[in-house]
Amino acid sequence: MTADTWWSWWRLNAVWLCVAVVLVLAGLTVVPLTLVHVYVAVVNLTTWELMSAQRITYLRHWTDDANPFHRGYVRNVATFCCACRPQNWELFYRRHSAVVRQHADD
């Protein structure tokens, strides 16, 4: 490739190369953030519950792998995407806590 053809190629593609660099840099931040929030939706947590579980009073006595709000992956996603009514999480939490305590006693 000669210098003249290289320069003409650069002039024709400089904008596209700059756009590609910007998209890659933006993707480095957007893709991990998207993956974390998809995970949070699938396991039925909030971002705050995921990051600060040890400081939240209602999650403090649970182990790291236990989630009192998990109702199955498919149902979690269906609730996240399609539920139009508010959930009464206090009743669900109490019911789940009683089941966990019962299994711990066995």
# chains A, B, ... in the order shown; residues from 1 in each chain; ligands from 1
call {"tool": "residues_around", "arguments": {"residues": "Val42 (chain A)", "least_positions_apart": "4", "cutoff": "6 Å", "atoms": "only C-alpha atoms", "output": "VMD selection string"}}
result
chain A and resid 73 76 to 77
call {"tool": "select_by_dssp", "arguments": {"residues": "chain A", "states": "alpha helix (DSSP H)", "output": "VMD selection string"}}
result
chain A and resid 3 to 42 47 to 51 73 to 82 89 to 105
call {"tool": "residues_around", "arguments": {"residues": "Asn44 (chain A)", "least_positions_apart": "2", "cutoff": "7 Å", "atoms": "only C-alpha atoms", "output": "VMD selection string"}}
result
chain A and resid 40 to 42 46 69 to 70 76
call {"tool": "atom_distance", "arguments": {"atom1": "CA of Phe92 (chain A)", "atom2": "CA of Phe80 (chain A)"}}
result
16.0 Å
call {"tool": "atom_distance", "arguments": {"atom1": "CA of Trp9 (chain A)", "atom2": "CA of Val24 (chain A)"}}
result
21.5 Å
call {"tool": "residues_around", "arguments": {"residues": "Ala53 (chain A)", "least_positions_apart": "2", "cutoff": "12 Å", "atoms": "only C-alpha atoms", "output": "list in words"}}
result
Leu45, Thr46, Thr47, Trp48, Glu49, Leu50, Met51, Arg55, Ile56, Thr57, Tyr58, Leu59, Arg60, His61, Trp62, Thr63, Asp64, Asp65, Ala66, Asn67 and Pro68 of chain A
call {"tool": "atom_distance", "arguments": {"atom1": "CA of Ser97 (chain A)", "atom2": "CA of Arg71 (chain A)"}}
result
13.3 Å
